[in-house]
Amino acid sequence: MLETFHSVRKLFYIIIAFIGVPVNVVAIAILSRGKCGLSTCTCRYLLSMAAADLLSVVTAVILRRISFYFPATFLDIYPICSVIFVVMCVSRDCSVWFTVTFTFDRFILICCERLKTKHCSGKTAGLVLGITGVLLCFKNVPFCFIFEPREIINHVTWYCDVKNYYYTETGWLIYSKLNRILTPLLPFILILLFNILTVRHILVVSRVRRALRGQNKGENQSDPEMENRRRSIVLLFTISGCFILLWLTTVLNYLYYNIAGTNPNDYNDSEYIFGQLGYMLQNLSLCTNTFIYVVTQAKFRQAFVNAVQYPFSSLLRVIRLLATKNDKSIKGGRDGEPDRKVSGGASQRKDTTTDRSDVSERPWKEIIFYPTQNYLSDAYPPRP
């Protein structure tokens, strides 16, 4: 059973690596242009989330899994593996907390009329994201001091092992608990809370507006104000809902670990698979936001389709150019053909009008083919 699960998990991470990098790169390119029908404030939040997701895919999925499936590479050298681990923790935290800041921004926009003008701006968004990123970097600095090399071969230190005092000293135990609470338990609760408050506000406002406009329950008259906010509401609920669903297994595993007091190293097969499934789903969340934008945002969808078609259209233009040059070279060669002797001794130029016409009238299309994180995750070193 475990062998089958390990094969499925390996294939899953390969797919995530091949999908996660290009979709996040395309999302960054589209959002950075700011021509996707979203406000500057929203674009900055979504752009920061895409950048954090991309960095998480590179570190947690690609670099980390390379060391798992292909051991004894340069990535296993002591300084490199420790740096990868710290960057992985920072990118994971940024991905989670940028989602929290975006959810809070949408909550302010929808529920707080007095604050939205001041808070929901591009300048405020940049300030909030910058402060959040700096704080999360400082939060993960202690991880730089918990590792030691496992082996020294030819004066080269290999592999990263956690020092014993990380599991025994009071300060490190408190830090470990706080780290696991800050990611993902607290963000999970905050996102859930903001969404509940937003839904409650929408229901109350809709009820009041229907009463003021004298709308009966049996009527289906649209509300212009709610229609204007519909796009923000849909974007908020899809991103937040996807985050909650994909991180739910991880949170349940965290609660089980703390309530039952079971060491993950002592898990049976079912508990082990459940924990690993949580890590797989949380890594899947690194690739979902771009597809959410495609489904919910018409202009972003069009920009995404254009970006996907761009390599093929560029290739087609190159083929057209080469075909055109080839046609010109054929015509030029036939125009410059030397005179030939015919019977009677008269020197006449062969009439190539028919041939040239045939070449010029032959469509080039005939010779062209159309290409139609992980808290408590396996990233954390196991208890010795």
# chains A, B, ... in the order shown; residues from 1 in each chain; ligands from 1

call {"tool": "closest_atom_pairs", "arguments": {"of": "segment 241-326 of chain A", "to": "segment 83-106 of chain A", "cutoff": "10 Å", "atoms": "only C-alpha atoms", "output": "Markdown table"}}
result
| residue | atom | partner | partner_atom | distance |
| --- | --- | --- | --- | --- |
| A:Phe243 | CA | A:Thr99 | CA | 8.3 |
| A:Trp247 | CA | A:Val96 | CA | 10.0 |
| A:Gln282 | CA | A:Arg92 | CA | 9.8 |
| A:Asn283 | CA | A:Arg92 | CA | 9.4 |
| A:Ser285 | CA | A:Ser95 | CA | 9.6 |
| A:Leu286 | CA | A:Ser95 | CA | 8.0 |

call {"tool": "write_last_selection", "arguments": {"atoms": "N, CA and C atoms", "output": "mmCIF file, in the first residue's frame"}}
result
data_model
loop_
_atom_site.group_PDB
_atom_site.id
_atom_site.type_symbol
_atom_site.label_atom_id
_atom_site.label_comp_id
_atom_site.auth_asym_id
_atom_site.auth_seq_id
_atom_site.Cartn_x
_atom_site.Cartn_y
_atom_site.Cartn_z
ATOM 1 N N PHE A 243 -8.298 27.986 -0.526
ATOM 2 C CA PHE A 243 -7.272 27.892 0.513
ATOM 3 C C PHE A 243 -7.777 27.061 1.687
ATOM 4 N N TRP A 247 -6.056 23.425 2.692
ATOM 5 C CA TRP A 247 -5.285 23.415 3.932
ATOM 6 C C TRP A 247 -6.022 22.717 5.076
ATOM 7 N N GLN A 282 -1.597 20.961 0.273
ATOM 8 C CA GLN A 282 -1.130 22.323 0.512
ATOM 9 C C GLN A 282 -0.156 22.752 -0.578
ATOM 10 N N ASN A 283 0.605 21.831 -1.155
ATOM 11 C CA ASN A 283 1.445 22.175 -2.304
ATOM 12 C C ASN A 283 0.607 22.382 -3.558
ATOM 13 N N SER A 285 -2.155 23.892 -3.559
ATOM 14 C CA SER A 285 -2.682 25.256 -3.451
ATOM 15 C C SER A 285 -1.753 26.288 -4.077
ATOM 16 N N LEU A 286 -0.500 25.926 -4.331
ATOM 17 C CA LEU A 286 0.441 26.849 -4.961
ATOM 18 C C LEU A 286 0.142 27.064 -6.437
#

call {"tool": "closest_atom_pairs", "arguments": {"of": "segment 255-334 of chain A", "to": "segment 23-47 of chain A", "cutoff": "8 Å", "atoms": "only C-alpha atoms", "output": "tab-separated table"}}
result
residue	atom	partner	partner_atom	distance
A:Cys287	CA	A:Val23	CA	7.1
A:Thr290	CA	A:Ala27	CA	6.1
A:Gln297	CA	A:Gly37	CA	7.7
A:Lys299	CA	A:Cys36	CA	4.9
A:Phe300	CA	A:Cys36	CA	4.7
A:Ala303	CA	A:Ile30	CA	6.8
A:Phe304	CA	A:Val26	CA	7.2
A:Ala307	CA	A:Val26	CA	7.2

call {"tool": "write_last_selection", "arguments": {"atoms": "all heavy atoms", "output": "short mmCIF file (atom, residue, chain, number, x, y, z; two decimals), in the first residue's frame"}}
result
data_model
loop_
_atom_site.label_atom_id
_atom_site.label_comp_id
_atom_site.auth_asym_id
_atom_site.auth_seq_id
_atom_site.Cartn_x
_atom_site.Cartn_y
_atom_site.Cartn_z
N CYS A 287 -0.71 26.22 -7.03
CA CYS A 287 -0.98 26.29 -8.47
C CYS A 287 -2.40 26.70 -8.80
O CYS A 287 -2.72 26.87 -9.98
CB CYS A 287 -0.70 24.92 -9.12
SG CYS A 287 0.87 24.18 -8.70
N THR A 290 -3.97 30.89 -10.19
CA THR A 290 -4.00 31.32 -11.59
C THR A 290 -5.24 30.81 -12.29
O THR A 290 -5.90 31.53 -13.06
CB THR A 290 -2.74 30.83 -12.32
OG1 THR A 290 -1.58 31.36 -11.67
CG2 THR A 290 -2.75 31.30 -13.77
N GLN A 297 -12.21 35.99 -13.97
CA GLN A 297 -11.90 37.30 -14.53
C GLN A 297 -11.79 37.22 -16.05
O GLN A 297 -10.89 36.56 -16.58
CB GLN A 297 -10.59 37.85 -13.95
CG GLN A 297 -10.55 37.87 -12.43
CD GLN A 297 -11.57 38.81 -11.84
OE1 GLN A 297 -11.74 39.94 -12.30
NE2 GLN A 297 -12.26 38.36 -10.81
N LYS A 299 -11.07 39.51 -18.47
CA LYS A 299 -9.89 40.11 -19.10
C LYS A 299 -8.62 39.32 -18.80
O LYS A 299 -7.74 39.19 -19.65
CB LYS A 299 -9.74 41.57 -18.63
CG LYS A 299 -10.82 42.49 -19.17
CD LYS A 299 -10.54 43.94 -18.79
CE LYS A 299 -11.60 44.87 -19.37
NZ LYS A 299 -11.34 46.29 -19.03
N PHE A 300 -8.53 38.83 -17.58
CA PHE A 300 -7.38 37.99 -17.25
C PHE A 300 -7.41 36.71 -18.10
O PHE A 300 -6.37 36.24 -18.56
CB PHE A 300 -7.38 37.63 -15.77
CG PHE A 300 -6.17 36.88 -15.31
CD1 PHE A 300 -5.08 37.56 -14.75
CD2 PHE A 300 -6.07 35.51 -15.43
CE1 PHE A 300 -3.95 36.88 -14.34
CE2 PHE A 300 -4.94 34.81 -15.02
CZ PHE A 300 -3.88 35.52 -14.48
N ALA A 303 -6.14 37.55 -21.52
CA ALA A 303 -4.69 37.75 -21.50
C ALA A 303 -3.96 36.41 -21.33
O ALA A 303 -2.89 36.20 -21.93
CB ALA A 303 -4.32 38.70 -20.36
N PHE A 304 -4.52 35.52 -20.54
CA PHE A 304 -3.91 34.21 -20.34
C PHE A 304 -3.92 33.40 -21.64
O PHE A 304 -2.93 32.76 -22.00
CB PHE A 304 -4.65 33.46 -19.23
CG PHE A 304 -4.06 32.13 -18.88
CD1 PHE A 304 -2.99 32.04 -18.00
CD2 PHE A 304 -4.57 30.96 -19.42
CE1 PHE A 304 -2.44 30.82 -17.67
CE2 PHE A 304 -4.02 29.73 -19.10
CZ PHE A 304 -2.95 29.66 -18.22
N ALA A 307 -1.32 34.75 -23.90
CA ALA A 307 0.03 34.36 -23.47
C ALA A 307 0.33 32.92 -23.84
O ALA A 307 1.46 32.59 -24.24
CB ALA A 307 0.16 34.56 -21.96
#

call {"tool": "residues_around", "arguments": {"residues": "Leu115 of chain A", "least_positions_apart": "4", "cutoff": "12 Å", "atoms": "only C-alpha atoms", "output": "PyMOL selection string"}}
result
chain A and resi 104-111+119-121+124

call {"tool": "write_last_selection", "arguments": {"atoms": "C-alpha atoms", "output": "compact mmCIF listing (two decimals), in the first residue's frame"}}
result
# COMPACT_ATOMS: atom_id res chain seq x y z
CA PHE A 104 -8.67 41.34 4.91
CA ASP A 105 -8.44 43.92 2.12
CA ARG A 106 -11.56 42.51 0.45
CA PHE A 107 -13.31 42.48 3.81
CA ILE A 108 -12.54 46.19 4.24
CA LEU A 109 -13.68 46.92 0.68
CA ILE A 110 -17.02 45.17 1.05
CA CYS A 111 -17.89 45.78 4.70
CA HIS A 119 -7.03 51.33 2.98
CA CYS A 120 -7.88 49.84 -0.43
CA SER A 121 -5.22 51.65 -2.46
CA THR A 124 -1.37 50.87 1.22

call {"tool": "closest_residue", "arguments": {"among": "A:Asp53, A:Ser48, A:Asn306, A:His201", "to": "Ala17 of chain A", "atoms": "only C-alpha atoms"}}
result
A:Asp53

call {"tool": "residues_around", "arguments": {"residues": "segment 68-75 of chain A", "least_positions_apart": "2", "cutoff": "12 Å", "atoms": "only C-alpha atoms", "output": "count of residues only"}}
result
33

call {"tool": "select_by_dssp", "arguments": {"residues": "segment 64-305 of chain A", "states": "alpha helix (DSSP H)", "output": "ChimeraX atom specification"}}
result
/A:64-69,78-111,113-119,122-140,170-180,186-212,224-260,269-296,298-305

call {"tool": "residues_around", "arguments": {"residues": "Val205 of chain A", "least_positions_apart": "3", "cutoff": "12 Å", "atoms": "only C-alpha atoms", "output": "JSON list (two decimals) with N, CA and C atoms, in the first residue's frame"}}
result
[["chain", "number", "residue", "atom", "x", "y", "z"],
["A", 110, "ILE", "N", -15.60, 45.53, 1.12],
["A", 110, "ILE", "CA", -17.02, 45.17, 1.05],
["A", 110, "ILE", "C", -17.79, 45.63, 2.28],
["A", 111, "CYS", "N", -17.16, 45.57, 3.45],
["A", 111, "CYS", "CA", -17.89, 45.78, 4.70],
["A", 111, "CYS", "C", -17.65, 47.13, 5.37],
["A", 112, "CYS", "N", -16.59, 47.83, 5.04],
["A", 112, "CYS", "CA", -16.25, 49.07, 5.76],
["A", 112, "CYS", "C", -16.18, 50.23, 4.78],
["A", 198, "THR", "N", -17.86, 38.67, 6.15],
["A", 198, "THR", "CA", -18.22, 39.24, 4.85],
["A", 198, "THR", "C", -19.57, 38.71, 4.38],
["A", 199, "VAL", "N", -19.78, 37.41, 4.52],
["A", 199, "VAL", "CA", -21.07, 36.82, 4.12],
["A", 199, "VAL", "C", -22.21, 37.41, 4.96],
["A", 200, "ARG", "N", -21.97, 37.56, 6.25],
["A", 200, "ARG", "CA", -22.99, 38.13, 7.12],
["A", 200, "ARG", "C", -23.33, 39.56, 6.70],
["A", 201, "HIS", "N", -22.31, 40.35, 6.38],
["A", 201, "HIS", "CA", -22.54, 41.74, 5.96],
["A", 201, "HIS", "C", -23.31, 41.77, 4.64],
["A", 202, "ILE", "N", -22.96, 40.90, 3.71],
["A", 202, "ILE", "CA", -23.64, 40.89, 2.41],
["A", 202, "ILE", "C", -25.11, 40.53, 2.59],
["A", 208, "VAL", "N", -31.57, 44.72, 3.74],
["A", 208, "VAL", "CA", -31.95, 46.12, 3.94],
["A", 208, "VAL", "C", -32.26, 46.79, 2.61],
["A", 209, "ARG", "N", -31.46, 46.53, 1.60],
["A", 209, "ARG", "CA", -31.67, 47.17, 0.31],
["A", 209, "ARG", "C", -32.96, 46.68, -0.34],
["A", 210, "ARG", "N", -33.28, 45.42, -0.17],
["A", 210, "ARG", "CA", -34.54, 44.91, -0.71],
["A", 210, "ARG", "C", -35.73, 45.58, -0.01],
["A", 211, "ALA", "N", -35.59, 45.77, 1.31],
["A", 211, "ALA", "CA", -36.68, 46.40, 2.05],
["A", 211, "ALA", "C", -36.85, 47.86, 1.62],
["A", 212, "LEU", "N", -35.73, 48.58, 1.43],
["A", 212, "LEU", "CA", -35.81, 49.99, 1.03],
["A", 212, "LEU", "C", -36.35, 50.15, -0.38],
["A", 223, "ASP", "N", -29.84, 43.96, -8.20],
["A", 223, "ASP", "CA", -29.41, 45.09, -7.38],
["A", 223, "ASP", "C", -28.15, 45.68, -8.02],
["A", 225, "GLU", "N", -25.95, 47.86, -7.04],
["A", 225, "GLU", "CA", -24.81, 47.97, -6.12],
["A", 225, "GLU", "C", -24.14, 46.61, -5.92],
["A", 226, "MET", "N", -24.95, 45.58, -5.75],
["A", 226, "MET", "CA", -24.38, 44.24, -5.56],
["A", 226, "MET", "C", -23.76, 43.72, -6.84]]

call {"tool": "atom_distance", "arguments": {"atom1": "atom CA of Ile244 of chain A", "atom2": "atom CA of Phe188 of chain A"}}
result
6.7 Å
